[in-house]
file upload_27.cif (mmCIF, C-alpha atoms)
data_upload
loop_
_atom_site.label_atom_id
_atom_site.label_comp_id
_atom_site.auth_asym_id
_atom_site.auth_seq_id
_atom_site.Cartn_x
_atom_site.Cartn_y
_atom_site.Cartn_z
CA MET A 1 99.07 122.36 99.85
CA LYS A 2 102.47 120.88 99.18
CA LEU A 3 101.58 117.46 97.83
CA LEU A 4 104.07 114.67 97.15
CA PHE A 5 103.04 111.60 95.17
CA VAL A 6 105.20 108.49 95.60
CA HIS A 7 105.15 105.64 93.09
CA GLN A 8 108.08 103.70 91.65
CA ASN A 9 106.31 103.63 88.26
CA PHE A 10 104.65 107.06 88.45
CA PRO A 11 102.11 108.19 87.35
CA GLY A 12 100.33 104.83 87.79
CA GLN A 13 97.09 105.39 89.71
CA PHE A 14 97.86 109.12 89.94
CA LEU A 15 97.72 109.77 86.17
CA TYR A 16 94.74 112.11 86.44
CA LEU A 17 94.83 113.20 90.08
CA ALA A 18 98.37 114.62 90.12
CA PRO A 19 97.92 117.06 87.20
CA GLU A 20 94.44 118.00 88.43
CA MET A 21 95.82 118.97 91.85
CA GLN A 22 98.51 121.02 90.10
CA ARG A 23 95.85 122.69 87.93
CA LEU A 24 93.98 123.65 91.10
CA GLY A 25 97.05 125.58 92.27
CA HIS A 26 98.72 123.15 94.66
CA ASP A 27 102.49 122.60 94.79
CA VAL A 28 102.63 119.08 93.34
CA ARG A 29 105.69 116.89 92.94
CA ALA A 30 106.23 113.17 92.37
CA LEU A 31 108.92 110.91 93.80
CA THR A 32 109.76 107.94 91.60
CA ASP A 33 112.46 105.40 90.75
CA ALA A 34 115.32 106.88 88.76
CA GLY A 35 114.80 104.19 86.13
CA ASN A 36 111.19 105.19 85.45
CA ARG A 37 110.89 106.37 81.85
CA ASN A 38 107.18 107.19 81.80
CA SER A 39 105.94 110.55 80.62
CA MET A 40 105.51 112.74 83.69
CA PRO A 41 102.54 115.10 84.09
CA VAL A 42 104.06 117.01 87.06
CA PRO A 43 107.59 117.88 88.30
CA VAL A 44 109.45 114.73 89.30
CA LEU A 45 112.13 113.82 91.85
CA ARG A 46 114.03 110.58 91.19
CA TYR A 47 115.52 108.36 93.88
CA PRO A 48 118.33 105.94 93.00
CA PHE A 49 117.74 102.28 93.80
CA LYS A 50 119.76 99.24 92.83
CA PRO A 51 118.18 96.21 94.47
CA GLU A 52 120.55 93.75 96.06
CA LYS A 53 120.14 90.06 95.43
CA VAL A 54 118.04 88.47 98.15
CA GLU A 55 119.40 85.24 99.55
CA PRO A 56 116.42 82.92 100.21
CA LYS A 57 118.13 80.85 102.92
CA HIS A 58 118.75 83.99 104.96
CA THR A 59 115.45 85.77 104.43
CA ARG A 60 113.13 82.73 104.21
CA ILE A 61 109.52 83.84 104.86
CA GLY A 62 110.62 87.48 105.11
CA ARG A 63 111.89 87.59 101.55
CA THR A 64 109.22 90.00 100.27
CA PHE A 65 109.64 92.31 103.25
CA THR A 66 113.40 92.35 102.71
CA GLN A 67 112.96 93.38 99.08
CA MET A 68 110.38 96.05 99.87
CA GLY A 69 112.31 97.21 102.90
CA ASP A 70 115.43 97.75 100.79
CA ARG A 71 113.47 100.05 98.50
CA ALA A 72 111.94 101.82 101.49
CA VAL A 73 115.43 102.56 102.84
CA ALA A 74 116.53 104.01 99.49
CA VAL A 75 113.44 106.22 99.37
CA ALA A 76 113.85 107.39 102.97
CA ARG A 77 117.51 108.28 102.48
CA PHE A 78 116.63 110.32 99.41
CA ALA A 79 113.77 111.96 101.32
CA ARG A 80 116.21 113.03 104.06
CA LYS A 81 118.22 114.90 101.44
CA LEU A 82 115.06 116.64 100.29
CA ARG A 83 114.29 117.62 103.87
CA ALA A 84 117.82 118.96 104.35
CA GLU A 85 117.24 121.13 101.28
CA GLY A 86 114.09 122.53 102.91
CA TYR A 87 111.38 120.50 101.22
CA VAL A 88 108.59 119.44 103.59
CA PRO A 89 105.28 118.27 102.06
CA ASP A 90 101.94 118.81 103.75
CA VAL A 91 100.52 115.56 102.36
CA ILE A 92 102.24 112.47 100.98
CA TYR A 93 100.18 110.10 98.83
CA GLY A 94 102.02 106.91 97.97
CA HIS A 95 101.36 103.40 96.69
CA SER A 96 102.05 100.86 99.43
CA GLY A 97 102.82 98.00 97.07
CA TRP A 98 106.60 98.40 96.83
CA GLY A 99 107.43 99.58 100.34
CA GLU A 100 108.22 103.15 99.38
CA THR A 101 106.14 104.80 102.11
CA LEU A 102 107.40 102.67 105.02
CA PHE A 103 109.80 105.19 106.57
CA LEU A 104 108.58 108.52 105.22
CA LYS A 105 106.89 109.42 108.51
CA GLU A 106 110.33 109.14 110.13
CA VAL A 107 111.58 111.80 107.71
CA TRP A 108 108.50 114.04 107.65
CA PRO A 109 106.53 113.34 110.87
CA GLU A 110 104.50 116.52 110.42
CA ALA A 111 103.19 115.46 107.01
CA LYS A 112 99.92 113.61 106.55
CA LEU A 113 100.45 110.23 104.90
CA LEU A 114 97.83 108.65 102.63
CA VAL A 115 98.61 105.24 101.16
CA PHE A 116 97.02 103.53 98.19
CA ALA A 117 96.27 100.07 99.58
CA GLU A 118 95.49 98.10 96.43
CA PHE A 119 95.37 94.57 97.79
CA TYR A 120 96.24 92.65 100.97
CA TYR A 121 97.75 89.23 100.38
CA ARG A 122 96.08 86.29 102.10
CA GLY A 123 97.15 82.74 102.65
CA LEU A 124 93.71 81.50 101.62
CA TYR A 125 90.42 82.74 100.14
CA ALA A 126 91.82 85.13 97.54
CA ASP A 127 94.23 84.55 94.67
CA SER A 128 96.44 82.01 96.41
CA GLY A 129 95.19 78.49 95.68
CA PHE A 130 92.23 79.71 93.60
CA ASP A 131 93.31 77.96 90.42
CA LYS A 132 94.33 74.43 91.37
CA GLU A 133 95.87 73.84 87.94
CA PHE A 134 98.69 76.21 88.87
CA SER A 135 98.55 76.58 92.64
CA ASN A 136 97.42 74.00 95.18
CA PRO A 137 99.30 75.28 98.20
CA GLY A 138 100.26 73.27 101.22
CA PHE A 139 100.51 75.01 104.56
CA ASP A 140 104.03 76.29 103.88
CA GLU A 141 102.78 78.08 100.76
CA VAL A 142 99.83 79.48 102.73
CA MET A 143 102.24 81.01 105.26
CA ILE A 144 104.45 82.41 102.50
CA ALA A 145 101.46 84.02 100.77
CA GLN A 146 100.20 85.60 103.98
CA GLY A 147 103.72 86.72 104.84
CA ARG A 148 103.85 88.79 101.65
CA ALA A 149 101.45 91.24 103.31
CA ALA A 150 103.84 92.32 106.07
CA HIS A 151 105.02 95.50 104.36
CA LYS A 152 101.47 96.38 103.40
CA ALA A 153 100.33 96.11 107.01
CA GLN A 154 103.22 98.28 108.19
CA ALA A 155 102.44 100.85 105.51
CA LEU A 156 98.85 101.21 106.72
CA VAL A 157 99.72 101.18 110.41
CA HIS A 158 102.04 104.17 109.96
CA ALA A 159 99.73 106.06 107.59
CA ASP A 160 97.06 108.54 108.57
CA LEU A 161 94.63 106.94 106.14
CA GLY A 162 94.43 104.42 103.32
CA ILE A 163 92.46 104.39 100.09
CA THR A 164 91.46 101.38 97.98
CA PRO A 165 89.49 101.17 94.70
CA THR A 166 86.74 98.63 95.45
CA GLU A 167 84.81 97.20 98.37
CA TRP A 168 86.17 93.73 97.67
CA GLN A 169 89.78 94.93 97.62
CA ALA A 170 89.08 96.66 100.94
CA SER A 171 87.66 93.41 102.32
CA THR A 172 90.96 91.58 101.75
CA HIS A 173 92.43 93.60 104.63
CA PRO A 174 92.08 92.39 108.23
CA PRO A 175 89.30 94.17 110.16
CA LEU A 176 91.77 96.26 112.17
CA LEU A 177 93.26 97.70 108.97
CA ARG A 178 89.99 97.83 107.07
CA LYS A 179 88.82 100.56 109.48
CA HIS A 180 91.60 102.82 108.17
CA LEU A 181 90.51 102.52 104.52
CA GLU A 182 88.20 104.59 102.36
CA VAL A 183 86.88 103.11 99.11
CA ILE A 184 87.28 105.41 96.10
CA PHE A 185 87.76 104.07 92.59
CA ASP A 186 90.56 105.54 90.45
CA GLY A 187 88.08 106.69 87.80
CA VAL A 188 87.61 106.21 84.06
CA ASP A 189 87.10 109.00 81.54
CA CYS A 190 83.53 108.29 80.44
CA ASP A 191 83.50 111.28 78.09
CA ARG A 192 86.52 110.01 76.19
CA LEU A 193 84.94 106.55 76.09
CA THR A 194 81.62 107.72 74.63
CA PRO A 195 80.60 105.14 72.00
CA ASN A 196 81.85 106.08 68.55
CA LEU A 197 79.65 104.79 65.73
CA ASP A 198 82.39 105.53 63.20
CA ALA A 199 85.18 103.74 65.08
CA GLN A 200 87.54 101.51 63.14
CA PHE A 201 90.39 99.25 64.17
CA THR A 202 93.03 98.22 61.66
CA LEU A 203 94.65 94.82 62.13
CA GLN A 204 98.29 94.06 61.34
CA ASN A 205 97.23 92.32 58.14
CA GLY A 206 95.56 95.52 56.95
CA ALA A 207 91.98 94.37 57.49
CA VAL A 208 89.73 97.00 59.06
CA LEU A 209 87.22 96.13 61.78
CA LYS A 210 84.20 98.40 62.14
CA ARG A 211 81.36 98.81 64.59
CA GLY A 212 78.78 96.17 63.75
CA ASP A 213 81.37 93.57 62.79
CA GLU A 214 81.50 90.33 64.74
CA VAL A 215 84.48 91.15 66.99
CA LEU A 216 85.41 89.37 70.21
CA THR A 217 88.06 91.01 72.42
CA PHE A 218 90.28 90.03 75.32
CA VAL A 219 92.55 92.64 76.94
CA ASN A 220 95.15 92.44 79.68
CA ARG A 221 98.57 93.84 80.45
CA ASN A 222 100.06 90.36 80.14
CA LEU A 223 98.49 87.13 78.90
CA GLU A 224 98.65 84.88 81.96
CA PRO A 225 96.52 82.57 84.12
CA TYR A 226 95.80 85.26 86.77
CA ARG A 227 93.65 86.97 84.16
CA GLY A 228 92.12 83.79 82.75
CA TYR A 229 94.00 83.68 79.47
CA HIS A 230 94.09 79.87 79.60
CA VAL A 231 90.32 79.61 80.06
CA PHE A 232 89.63 82.06 77.25
CA MET A 233 91.91 80.21 74.82
CA ARG A 234 90.31 76.87 75.67
CA ALA A 235 86.87 78.33 74.95
CA LEU A 236 87.89 79.78 71.57
CA PRO A 237 87.71 76.68 69.34
CA ASP A 238 83.99 76.17 69.92
CA ILE A 239 83.29 79.91 69.56
CA LEU A 240 85.06 80.16 66.21
CA ALA A 241 83.47 76.95 64.99
CA ALA A 242 80.01 78.29 65.80
CA ARG A 243 80.68 81.80 64.43
CA PRO A 244 82.58 81.47 61.12
CA LYS A 245 82.69 85.26 60.57
CA ALA A 246 83.96 86.18 64.04
CA GLN A 247 87.30 87.93 64.47
CA VAL A 248 89.15 87.66 67.80
CA VAL A 249 91.52 90.40 68.97
CA ILE A 250 93.75 89.60 71.95
CA VAL A 251 95.64 92.50 73.53
CA GLY A 252 98.55 92.07 75.94
CA ASP A 253 102.23 91.31 76.30
CA ASP A 254 103.62 87.82 76.71
CA GLY A 255 105.27 88.39 80.10
CA VAL A 256 103.99 88.01 83.67
CA SER A 257 102.44 90.76 85.80
CA TYR A 258 101.18 88.85 88.84
CA GLY A 259 101.64 85.10 88.92
CA LYS A 260 104.71 82.99 88.34
CA ARG A 261 106.34 82.06 85.07
CA PRO A 262 105.74 78.58 83.61
CA ASP A 263 107.66 75.91 85.51
CA ALA A 264 108.87 74.36 82.27
CA GLY A 265 109.93 77.68 80.78
CA GLY A 266 108.47 79.41 77.77
CA LYS A 267 105.60 81.90 77.77
CA TRP A 268 102.01 81.46 78.88
CA LYS A 269 100.85 83.04 75.63
CA ASP A 270 102.50 80.33 73.55
CA ILE A 271 101.70 77.46 75.90
CA PHE A 272 97.93 77.94 75.68
CA LEU A 273 97.92 78.96 72.04
CA ASN A 274 99.80 75.77 71.18
CA GLU A 275 97.31 73.76 73.24
CA VAL A 276 94.40 74.74 70.98
CA LYS A 277 95.88 76.04 67.72
CA ASP A 278 95.11 72.84 65.80
CA ARG A 279 91.42 73.56 66.42
CA LEU A 280 91.56 77.27 65.55
CA ASP A 281 91.32 79.22 62.33
CA LEU A 282 94.40 81.28 63.16
CA SER A 283 93.65 83.74 60.37
CA ARG A 284 90.84 85.02 62.63
CA VAL A 285 92.85 85.25 65.86
CA HIS A 286 94.90 88.44 66.15
CA PHE A 287 97.50 89.11 68.86
CA THR A 288 98.36 92.82 69.05
CA GLY A 289 100.75 93.06 71.99
CA ARG A 290 100.17 96.23 74.00
CA LEU A 291 98.31 99.07 72.31
CA PRO A 292 98.42 102.87 72.62
CA TYR A 293 95.38 104.03 74.55
CA ASP A 294 93.68 105.68 71.56
CA ARG A 295 93.81 102.43 69.59
CA LEU A 296 92.54 100.51 72.61
CA VAL A 297 89.54 102.82 72.82
CA ASP A 298 88.83 102.27 69.12
CA LEU A 299 88.97 98.52 69.73
CA MET A 300 86.49 98.80 72.61
CA HIS A 301 84.10 100.64 70.32
CA VAL A 302 84.17 98.01 67.58
CA SER A 303 84.00 95.06 69.98
CA ARG A 304 80.71 93.19 70.00
CA ALA A 305 81.64 91.14 73.08
CA HIS A 306 84.51 91.45 75.51
CA ALA A 307 85.73 88.63 77.77
CA TYR A 308 87.24 89.59 81.12
CA LEU A 309 88.47 87.01 83.62
CA THR A 310 90.43 87.40 86.83
CA TYR A 311 91.33 85.46 89.93
CA PRO A 312 90.03 87.04 93.16
CA PHE A 313 92.56 89.84 92.84
CA VAL A 314 92.92 93.47 91.80
CA LEU A 315 90.24 94.61 89.35
CA SER A 316 91.59 95.85 86.01
CA TRP A 317 90.85 99.37 84.81
CA SER A 318 90.24 97.89 81.36
CA MET A 319 87.10 96.10 82.49
CA VAL A 320 85.47 99.25 83.83
CA GLU A 321 86.63 101.21 80.78
CA THR A 322 85.02 98.63 78.50
CA LEU A 323 81.73 98.92 80.38
CA ALA A 324 81.98 102.71 80.14
CA ALA A 325 82.46 102.38 76.39
CA GLY A 326 79.08 100.64 76.17
CA THR A 327 80.56 97.28 75.18
CA LEU A 328 79.05 94.04 76.41
CA VAL A 329 81.39 92.53 79.00
CA VAL A 330 81.20 88.83 79.82
CA GLY A 331 83.08 88.57 83.11
CA SER A 332 84.20 85.83 85.44
CA ASN A 333 81.92 85.30 88.42
CA THR A 334 84.68 86.16 90.87
CA ALA A 335 84.22 88.67 93.68
CA PRO A 336 86.02 91.68 92.15
CA VAL A 337 84.00 91.39 88.93
CA ALA A 338 80.65 90.59 90.58
CA GLU A 339 80.95 93.83 92.56
CA VAL A 340 80.66 95.75 89.27
CA ILE A 341 78.68 93.47 86.92
CA GLN A 342 75.18 92.27 87.78
CA ASP A 343 74.48 89.25 85.62
CA GLY A 344 71.83 89.94 83.04
CA VAL A 345 71.58 93.63 83.96
CA ASN A 346 74.78 95.38 82.85
CA GLY A 347 76.73 92.38 81.56
CA ARG A 348 77.05 88.63 81.92
CA LEU A 349 78.87 86.52 84.51
CA VAL A 350 80.29 83.04 83.92
CA ASP A 351 82.04 80.74 86.37
CA PHE A 352 85.77 81.28 85.92
CA PHE A 353 86.50 77.61 85.16
CA ASP A 354 83.41 76.80 83.05
CA ILE A 355 84.93 76.55 79.58
CA LYS A 356 81.66 75.43 77.95
CA GLY A 357 79.85 78.26 79.73
CA TRP A 358 82.34 80.74 78.26
CA SER A 359 81.97 79.30 74.78
CA ASP A 360 78.18 79.29 74.91
CA THR A 361 77.81 82.76 76.43
CA LEU A 362 80.30 84.46 74.13
CA THR A 363 78.86 82.67 71.09
CA ASP A 364 75.39 83.92 71.95
CA ALA A 365 76.67 87.46 72.50
CA LEU A 366 78.26 87.43 69.05
CA ALA A 367 75.19 85.89 67.41
CA ARG A 368 72.50 88.11 68.97
CA PRO A 369 73.89 91.60 69.64
CA GLU A 370 70.41 93.13 69.67
CA ALA A 371 69.48 90.98 72.69
CA TYR A 372 72.18 92.69 74.73
CA ALA A 373 71.53 96.32 73.74
CA GLN A 374 69.94 97.24 77.07
CA MET A 375 72.77 95.61 79.02
CA ARG A 376 75.27 97.70 77.09
CA GLN A 377 73.38 100.88 77.86
CA ASN A 378 73.01 99.88 81.51
CA ALA A 379 76.75 99.24 81.67
CA ARG A 380 77.57 102.72 80.43
CA ASN A 381 74.99 104.33 82.74
CA MET A 382 76.41 102.45 85.73
CA ALA A 383 80.00 103.39 84.85
CA ARG A 384 79.10 107.06 84.57
CA ALA A 385 77.15 107.03 87.84
CA LYS A 386 79.75 105.21 89.93
CA TYR A 387 83.15 105.32 88.25
CA ASP A 388 83.32 108.46 86.11
CA LEU A 389 86.60 110.27 86.52
CA ARG A 390 85.43 113.89 86.30
CA SER A 391 82.06 113.83 88.02
CA VAL A 392 82.61 111.17 90.70
CA CYS A 393 86.09 109.85 91.43
CA LEU A 394 88.33 112.92 91.09
CA PRO A 395 86.04 115.06 93.31
CA GLN A 396 86.04 112.29 95.93
CA GLN A 397 89.83 112.00 95.84
CA ILE A 398 90.36 115.76 96.01
CA ALA A 399 87.93 116.08 98.90
CA LEU A 400 89.78 113.33 100.77
CA LEU A 401 93.18 114.99 100.26
CA THR A 402 91.78 118.35 101.35
CA ARG A 403 90.18 116.88 104.47
CA LEU A 404 93.36 115.03 105.35
CA GLU A 405 95.52 118.15 104.95
CA ARG A 406 93.23 120.14 107.23
CA SER A 407 92.84 117.49 109.91
#
call {"tool": "encode", "arguments": {"input": "upload_27.cif", "output": "structure tokens"}}
result
Amino acid sequence: MKLLFVHQNFPGQFLYLAPEMQRLGHDVRALTDAGNRNSMPVPVLRYPFKPEKVEPKHTRIGRTFTQMGDRAVAVARFARKLRAEGYVPDVIYGHSGWGETLFLKEVWPEAKLLVFAEFYYRGLYADSGFDKEFSNPGFDEVMIAQGRAAHKAQALVHADLGITPTEWQASTHPPLLRKHLEVIFDGVDCDRLTPNLDAQFTLQNGAVLKRGDEVLTFVNRNLEPYRGYHVFMRALPDILAARPKAQVVIVGDDGVSYGKRPDAGGKWKDIFLNEVKDRLDLSRVHFTGRLPYDRLVDLMHVSRAHAYLTYPFVLSWSMVETLAAGTLVVGSNTAPVAEVIQDGVNGRLVDFFDIKGWSDTLTDALARPEAYAQMRQNARNMARAKYDLRSVCLPQQIALLTRLERS
């Protein structure tokens, strides 16, 4: 088939699927923003897009749709040029998050359109208003949050089918749209994540962490409240006091991926570090920034306990990867995490806001690793059975694309 992937930051979720489809003999191309500098695993087409400033008083509640719609127009105009040159895909598979797929059916009505529907914004009962410290929305904010889903609804309505990674993420969609979704996880490479008894991780100060050392890890793209950075930092003083040999490695940039920036300026990383630093032995707390994937895997393999927190929102790949690596994950008892971790079976769950619960649970995990050996093995077994890239997720994705193309 002629298969076109669409993602402004390609490869994104298509990192493994796109080259696999090409390996199987399909004509695979990707359409992405001209400013995307990622390494590309397949031939790439680049659309130009220079977003115009959005005037709030004119767009009001439609601000998000205006921004996404502007990108959709740029993509559609570029797609028309491709059509004029004779390019017509059989299947288009695009991420719905940035509006890129909105008008592609107007350009290629004969193509099948599959959209990656990662999350559907709600006014209530998901991320909005979950953490009252940072968001306690009145009704205006509820309407704004729900209004952010307009382009996502349009994307699904005009698609032939949608795909989403988890049952909970599917459940965020209204029932009418939920019927158009299939749940298939992106997949993690369980073979690459096989526990490595000889793994080492070198810190910036030259110290080397090895498997068996007392290492506590926290990993996210950016260190921000959406991923519970503030809760983790507030739990650290008691953990380090109880475990004088523990080393803490915190991975992530100091920007914002999902929520808003601090109202008073500055960076979330510094705000919550400053809140507790007088009670921390900072020589044992190591901020790495982002890491190359190979180093991240090494860190997973030396970690004795890994803390993962998230609002009711998109589930991070890193959590499933850490389970697949056979590391004990202590996760927040929020719906996306509880879908994957069964407390006491393949990991531990703690109430997102229970700082003492986080301190106590992580302290115990560091102190008694042998007590959690079966949970670690169960975690890896579960990841291989349900989320393995090669044996489970890629075959499901390929079967879906093939069925869609033939329908």
call {"tool": "closest_residue", "arguments": {"input": "upload_27.cif", "among": "A:Glu214, A:Asp263, A:Asp278, A:Asp294", "to": "Leu362 in chain A", "atoms": "all atoms listed in the file"}}
result
A:Glu214
call {"tool": "residues_near_point", "arguments": {"input": "upload_27.cif", "point": "(85.6, 93.9, 91.1)", "cutoff": "7 Å", "atoms": "all atoms listed in the file", "output": "list of chain:residue names"}}
result
A:Thr166, A:Trp168, A:Leu315, A:Ala335, A:Pro336, A:Val337, A:Ala338, A:Glu339, A:Val340
call {"tool": "resolve_selection", "arguments": {"input": "upload_27.cif", "expression": "the PyMOL selection byres ((chain A and resi 20-33) around 8)", "output": "PyMOL selection string"}}
result
chain A and resi 1-10+16-19+34-36+42-49+398
call {"tool": "residues_near_point", "arguments": {"input": "upload_27.cif", "point": "(77.9, 91.3, 80.1)", "cutoff": "10 Å", "atoms": "all atoms listed in the file", "output": "MDAnalysis selection string"}}
result
chainID A and resid 305:308 323 327:332 341:350 361:362 365 372 375:376 378:379
call {"tool": "residues_around", "arguments": {"input": "upload_27.cif", "residues": "Tyr125 in chain A", "least_positions_apart": "2", "cutoff": "12 Å", "atoms": "only C-alpha atoms", "output": "tab-separated table (two decimals) with C-alpha atoms, keeping the file's coordinate frame"}}
result
chain	number	residue	atom	x	y	z
A	120	TYR	CA	96.24	92.65	100.97
A	121	TYR	CA	97.75	89.23	100.38
A	122	ARG	CA	96.08	86.29	102.10
A	123	GLY	CA	97.15	82.74	102.65
A	127	ASP	CA	94.23	84.55	94.67
A	128	SER	CA	96.44	82.01	96.41
A	129	GLY	CA	95.19	78.49	95.68
A	130	PHE	CA	92.23	79.71	93.60
A	131	ASP	CA	93.31	77.96	90.42
A	137	PRO	CA	99.30	75.28	98.20
A	142	VAL	CA	99.83	79.48	102.73
A	145	ALA	CA	101.46	84.02	100.77
A	146	GLN	CA	100.20	85.60	103.98
A	171	SER	CA	87.66	93.41	102.32
A	172	THR	CA	90.96	91.58	101.75
A	173	HIS	CA	92.43	93.60	104.63
A	311	TYR	CA	91.33	85.46	89.93
A	312	PRO	CA	90.03	87.04	93.16
A	313	PHE	CA	92.56	89.84	92.84
A	334	THR	CA	84.68	86.16	90.87
A	335	ALA	CA	84.22	88.67	93.68
call {"tool": "residues_around", "arguments": {"input": "upload_27.cif", "residues": "Val249 in chain A", "least_positions_apart": "5", "cutoff": "9 Å", "atoms": "only C-alpha atoms", "output": "list in words"}}
result
Leu203, Val215, Leu216, Thr217, Phe218, Val219, Arg284, Val285, His286, Phe287, Thr288, Leu299 and Ser303 of chain A
call {"tool": "write_last_selection", "arguments": {"input": "upload_27.cif", "atoms": "C-alpha atoms", "output": "PDB file, in the frame of the given file"}}
result
ATOM      1  CA  LEU A 203      94.650  94.820  62.130  1.00  0.00           C
ATOM      2  CA  VAL A 215      84.480  91.150  66.990  1.00  0.00           C
ATOM      3  CA  LEU A 216      85.410  89.370  70.210  1.00  0.00           C
ATOM      4  CA  THR A 217      88.060  91.010  72.420  1.00  0.00           C
ATOM      5  CA  PHE A 218      90.280  90.030  75.320  1.00  0.00           C
ATOM      6  CA  VAL A 219      92.550  92.640  76.940  1.00  0.00           C
ATOM      7  CA  ARG A 284      90.840  85.020  62.630  1.00  0.00           C
ATOM      8  CA  VAL A 285      92.850  85.250  65.860  1.00  0.00           C
ATOM      9  CA  HIS A 286      94.900  88.440  66.150  1.00  0.00           C
ATOM     10  CA  PHE A 287      97.500  89.110  68.860  1.00  0.00           C
ATOM     11  CA  THR A 288      98.360  92.820  69.050  1.00  0.00           C
ATOM     12  CA  LEU A 299      88.970  98.520  69.730  1.00  0.00           C
ATOM     13  CA  SER A 303      84.000  95.060  69.980  1.00  0.00           C
TER      14      SER A 303
END
call {"tool": "closest_atom_pairs", "arguments": {"input": "upload_27.cif", "of": "range 175-269 of chain A", "to": "range 151-160 of chain A", "cutoff": "10 Å", "atoms": "all atoms listed in the file", "output": "Markdown table"}}
result
| residue | atom | partner | partner_atom | distance |
| --- | --- | --- | --- | --- |
| A:Leu176 | CA | A:Val157 | CA | 9.5 |
| A:Leu177 | CA | A:Leu156 | CA | 7.0 |
| A:Arg178 | CA | A:Leu156 | CA | 9.5 |
| A:His180 | CA | A:Leu156 | CA | 7.6 |
| A:Leu181 | CA | A:Leu156 | CA | 8.7 |
call {"tool": "resolve_selection", "arguments": {"input": "upload_27.cif", "expression": "the PyMOL selection byres ((chain A and resi 232) around 9)", "output": "PyMOL selection string"}}
result
chain A and resi 218+228-231+233-236+307-309+355+358-359
call {"tool": "atom_distance", "arguments": {"input": "upload_27.cif", "atom1": "CA of Ile239 in chain A", "atom2": "CA of Asp351 in chain A"}}
result
16.9 Å
call {"tool": "closest_residue", "arguments": {"input": "upload_27.cif", "among": "A:Val256, A:Asp298, A:Asn333, A:Glu52", "to": "Gly357 in chain A", "atoms": "all atoms listed in the file"}}
result
A:Asn333
call {"tool": "atom_distance", "arguments": {"input": "upload_27.cif", "atom1": "CA of Gln247 in chain A", "atom2": "CA of Asp213 in chain A"}}
result
8.4 Å
call {"tool": "closest_residue", "arguments": {"input": "upload_27.cif", "among": "A:Glu405, A:Phe352, A:Arg384, A:His301", "to": "Pro89 in chain A", "atoms": "all atoms listed in the file"}}
result
A:Glu405
call {"tool": "atom_distance", "arguments": {"input": "upload_27.cif", "atom1": "CA of Arg368 in chain A", "atom2": "CA of Lys245 in chain A"}}
result
13.5 Å
call {"tool": "closest_residue", "arguments": {"input": "upload_27.cif", "among": "A:Leu400, A:Gly94, A:Arg295, A:Ala76", "to": "Ala199 in chain A", "atoms": "all atoms listed in the file"}}
result
A:Arg295
call {"tool": "closest_residue", "arguments": {"input": "upload_27.cif", "among": "A:Arg71, A:Arg83, A:Arg77, A:Lys132", "to": "Ser96 in chain A", "atoms": "only C-alpha atoms"}}
result
A:Arg71
call {"tool": "closest_residue", "arguments": {"input": "upload_27.cif", "among": "A:Val88, A:Ser391, A:Pro225, A:Ile250", "to": "Lys112 in chain A", "atoms": "all atoms listed in the file"}}
result
A:Val88
call {"tool": "resolve_selection", "arguments": {"input": "upload_27.cif", "expression": "the PyMOL selection byres ((chain A and resi 396) around 12)", "output": "mmCIF file with C-alpha atoms, keeping the file's coordinate frame"}}
result
data_model
loop_
_atom_site.group_PDB
_atom_site.id
_atom_site.type_symbol
_atom_site.label_atom_id
_atom_site.label_comp_id
_atom_site.auth_asym_id
_atom_site.auth_seq_id
_atom_site.Cartn_x
_atom_site.Cartn_y
_atom_site.Cartn_z
ATOM 1 C CA LEU A 17 94.830 113.200 90.080
ATOM 2 C CA ILE A 163 92.460 104.390 100.090
ATOM 3 C CA PRO A 165 89.490 101.170 94.700
ATOM 4 C CA GLU A 182 88.200 104.590 102.360
ATOM 5 C CA VAL A 183 86.880 103.110 99.110
ATOM 6 C CA ILE A 184 87.280 105.410 96.100
ATOM 7 C CA PHE A 185 87.760 104.070 92.590
ATOM 8 C CA ASP A 186 90.560 105.540 90.450
ATOM 9 C CA GLY A 187 88.080 106.690 87.800
ATOM 10 C CA LYS A 386 79.750 105.210 89.930
ATOM 11 C CA TYR A 387 83.150 105.320 88.250
ATOM 12 C CA ASP A 388 83.320 108.460 86.110
ATOM 13 C CA LEU A 389 86.600 110.270 86.520
ATOM 14 C CA ARG A 390 85.430 113.890 86.300
ATOM 15 C CA SER A 391 82.060 113.830 88.020
ATOM 16 C CA VAL A 392 82.610 111.170 90.700
ATOM 17 C CA CYS A 393 86.090 109.850 91.430
ATOM 18 C CA LEU A 394 88.330 112.920 91.090
ATOM 19 C CA PRO A 395 86.040 115.060 93.310
ATOM 20 C CA GLN A 397 89.830 112.000 95.840
ATOM 21 C CA ILE A 398 90.360 115.760 96.010
ATOM 22 C CA ALA A 399 87.930 116.080 98.900
ATOM 23 C CA LEU A 400 89.780 113.330 100.770
ATOM 24 C CA LEU A 401 93.180 114.990 100.260
ATOM 25 C CA THR A 402 91.780 118.350 101.350
ATOM 26 C CA ARG A 403 90.180 116.880 104.470
#
call {"tool": "decode", "arguments": {"input": "upload_27.cif", "residues": "range 182-193 of chain A", "atoms": "C-alpha atoms", "output": "mmCIF file, in the first residue's frame"}}
result
data_model
loop_
_atom_site.group_PDB
_atom_site.id
_atom_site.type_symbol
_atom_site.label_atom_id
_atom_site.label_comp_id
_atom_site.auth_asym_id
_atom_site.auth_seq_id
_atom_site.Cartn_x
_atom_site.Cartn_y
_atom_site.Cartn_z
ATOM 1 C CA GLU A 182 -9.553 0.622 18.675
ATOM 2 C CA VAL A 183 -7.189 0.239 21.634
ATOM 3 C CA ILE A 184 -3.652 -0.767 20.652
ATOM 4 C CA PHE A 185 -0.625 0.280 22.689
ATOM 5 C CA ASP A 186 2.371 1.763 20.857
ATOM 6 C CA GLY A 187 4.651 -1.003 22.114
ATOM 7 C CA VAL A 188 7.934 -1.238 24.028
ATOM 8 C CA ASP A 189 10.962 -3.257 22.944
ATOM 9 C CA CYS A 190 11.044 -5.888 25.684
ATOM 10 C CA ASP A 191 14.073 -7.607 24.140
ATOM 11 C CA ARG A 192 16.132 -4.431 24.291
ATOM 12 C CA LEU A 193 14.937 -3.884 27.857
#
